[in-house]
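To start, the structure itself, in structure tokens.
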Amino acid sequence: MMAVVTVAIAVQGNLFAVVVLGSIYSFLMATALVALDAVDVAMTEASVGAGISTVLLLGALHLVRGEEQKPRGRPWLPLAASVVMAGVLVYGTFGLPGFSDAGAPIHQHVVPRYLNDAVRETGVPNVVTAVLASYRGYDTLGETTVVFTAGAGVIALLRRRRRDRRDGDVR
Amino acid sequence: MSAFGHFSYWITMFLLAAGLYIVIARGHLVKKLVGLSIFQTSVYLLYIAPGKLVGGTAPIISDKFTVYSNPLPHVLILTAIVVGIATLALGLALVVRIREAYGSAEEDEILAQDERAARDARAT
Amino acid sequence: MRNYLVLRVVAKIMIPFMLLYALYVQFHGDYGPGGGFQAGVIIAAAIIFYAIVFGLATARRVVPDWLVETCLAAGVLIYAGVGLVGILLGGNFLDYFVLDRDPVAGQHRGIFWVEAGVCVTVAGVMLKIFYMFAGRRREDDDA
């Protein structure tokens, strides 16, 4: 399913259709994430990917406007480059532990401590929240700062030449 | 086991390659950004999928369950999604400004205009 | 879209519940899925929905720009402030154990405020970005 939507995005020339397909893609991705037990992430992906980013893309599309031109160059070179890279990476995956391998390194190091001690140390049963806000508080602080900076950047880029800010209206 | 065991990685690689292809091959800047976000979602899968344990449940501690999926990638990707949307918005803002400056959001046209401007500058 | 009766009524019914759900996600995030990021995004989505249905000008009256811009910065400051309070109370930066006599309660309090900061920033940034994109006219429309 996701693959079909991705291919559709790649070949579709109408940008409006691309944005709507992108929204569908995000929902499918959120479903896949629920299946992978990442409920927090799925919730974020559904609201961010399918909600906000669609609105933003549509807003930007309204400002940019237009159909995509047919690519003039031959698409075979980029296609070949992508396929070769995917091939190399797939070859690389054979060195990785299989799906749901409890002995994989990812499950061995800090995670048992999080799962065993998070409730005792923080009193928060949702380990994702505990790790996000407490154990990895520095990461989240930096990340909040990045979001803030991006917002400030958008303001700086789009502020000038804003006429009639009072009656600006979306359709 | 081996064939199915790496299936999730292959999906990831396919999405990654598709996103890369869109970024390289398509000229319109908004479409490039969509391709970039597909690339990004493939990285979400790359992180989340290995953390899953079959028979495990979401990492919310409760007496009823004993096996949990790995919470650490969830945390990392949670922040990555929000940063992703913020940077996507920044990119879109840049595209809007480029469109206003050049009258086009097609990469080829922008490069052609730049070349023309460079040639004119040399001529004078 | 102001003239579509169905949309208006549905929006009026839905938006309070969306905001309520955002608060649930925010404060129940310790026990179920959810937290500051999701809550912030849902709050922003509710207001964006309002703006799409009732017009950007109306939304700007309800949630004015200065409030959004204050939120933008306030969230980061709340987050950093939690860290600084930790230092003032004799711990390390972002050390929650000293926030309360009982270390576990201190952790809980720290997580709560940190999540609040994240939520405020994310909601502010998303809303501000939307305002910026929606409030900007096409260049050739009004030339």
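In the structure tokens, chains take the letters A, B, ... in the order shown, each chain's residues start at 1, and ligands count up from 1 in the order shown.
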Show me which bits of chain A are within 6 Å of chain B, counting only C-alpha atoms, as a compact mmCIF listing (two decimals) with N, CA, C and O atoms, in the first residue's frame.
```
# COMPACT_ATOMS: atom_id res chain seq x y z
N ALA A 10 5.59 9.77 -6.86
CA ALA A 10 6.75 10.01 -7.71
C ALA A 10 6.33 10.36 -9.13
O ALA A 10 6.95 11.22 -9.77
N LEU A 36 3.75 -1.40 14.94
CA LEU A 36 5.09 -1.61 15.51
C LEU A 36 5.17 -1.18 16.97
O LEU A 36 6.26 -1.00 17.50
N ASP A 37 4.02 -0.97 17.62
CA ASP A 37 3.95 -0.64 19.04
C ASP A 37 4.37 0.78 19.38
O ASP A 37 4.51 1.10 20.55
N VAL A 41 4.57 7.70 18.79
CA VAL A 41 5.07 8.19 17.51
C VAL A 41 3.94 8.21 16.49
O VAL A 41 3.81 9.15 15.71
N VAL A 64 2.82 29.31 -4.18
CA VAL A 64 3.77 28.99 -5.25
C VAL A 64 3.04 28.76 -6.55
O VAL A 64 3.44 29.22 -7.61
N GLU A 68 3.66 20.99 -12.19
CA GLU A 68 5.06 20.65 -12.36
C GLU A 68 5.33 20.47 -13.84
O GLU A 68 4.49 19.93 -14.57
N PRO A 78 18.97 9.32 -12.41
CA PRO A 78 18.60 9.31 -10.99
C PRO A 78 17.97 8.01 -10.56
O PRO A 78 18.21 7.54 -9.43
N LEU A 79 17.16 7.41 -11.45
CA LEU A 79 16.53 6.14 -11.10
C LEU A 79 17.60 5.10 -10.83
O LEU A 79 17.56 4.38 -9.81
N SER A 82 19.30 5.74 -7.55
CA SER A 82 18.49 5.35 -6.39
C SER A 82 18.48 3.84 -6.23
O SER A 82 18.61 3.31 -5.12
N ALA A 86 19.76 1.67 -3.14
CA ALA A 86 18.88 0.75 -2.41
C ALA A 86 19.48 -0.65 -2.40
O ALA A 86 19.43 -1.35 -1.38
N GLY A 98 17.71 -9.90 12.58
CA GLY A 98 16.38 -10.02 11.98
C GLY A 98 15.33 -9.30 12.78
O GLY A 98 15.56 -8.79 13.88
N PHE A 99 14.15 -9.26 12.19
CA PHE A 99 13.01 -8.58 12.81
C PHE A 99 12.65 -9.27 14.12
O PHE A 99 12.60 -10.50 14.20
N SER A 100 12.42 -8.47 15.16
CA SER A 100 11.97 -8.98 16.45
C SER A 100 12.95 -9.98 17.05
O SER A 100 12.57 -11.00 17.60
N PRO A 125 4.47 5.78 34.32
CA PRO A 125 4.42 4.47 33.66
C PRO A 125 4.72 4.50 32.18
O PRO A 125 5.19 3.51 31.63
N ASN A 126 4.43 5.62 31.52
CA ASN A 126 4.72 5.69 30.09
C ASN A 126 6.22 5.95 29.91
O ASN A 126 6.69 7.06 30.10
N VAL A 127 6.93 4.90 29.55
CA VAL A 127 8.39 5.01 29.52
C VAL A 127 8.83 6.03 28.49
O VAL A 127 9.84 6.71 28.67
N VAL A 128 8.07 6.14 27.40
CA VAL A 128 8.46 7.11 26.37
C VAL A 128 8.50 8.51 26.95
O VAL A 128 9.46 9.26 26.77
N LEU A 132 11.80 10.74 27.43
CA LEU A 132 11.79 12.00 26.69
C LEU A 132 12.08 13.18 27.61
O LEU A 132 12.92 14.02 27.32
N VAL A 147 12.96 23.65 17.18
CA VAL A 147 11.62 24.00 16.71
C VAL A 147 11.42 25.51 16.81
O VAL A 147 10.92 26.17 15.90
N ALA A 150 13.36 27.23 14.09
CA ALA A 150 12.72 27.10 12.79
C ALA A 150 11.54 28.05 12.68
O ALA A 150 11.34 28.70 11.65
N VAL A 154 11.06 30.99 9.93
CA VAL A 154 9.91 31.20 9.05
C VAL A 154 9.39 32.62 9.19
O VAL A 154 9.07 33.29 8.20
```
>> Give me, as a PyMOL selection string, the residues of chain B that a backbone DSSP run labels alpha helix (DSSP H).
In response: chain B and resi 2-5+7-25+29-51+71-102+107-123
>> Could you check the closest approach to chain B for each of C:Met14, C:Val41, C:Leu77, C:Ile87 and tell me which residue wins, using only C-alpha atoms?
In response: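 Between C:Met14, C:Val41, C:Leu77, C:Ile87, the residue approaching chain B most closely is C:Val41.
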> Please, which residues of chain C lie no more than 10 Å from chain B when the count uses only C-alpha atoms, and can they be set out as a count of residues only?
Replying inline: 18
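Considering only C-alpha atoms, the residue among A:Val131, A:Leu56, A:Ile106, A:Ala118 positioned nearest to chain C is A:Leu56.
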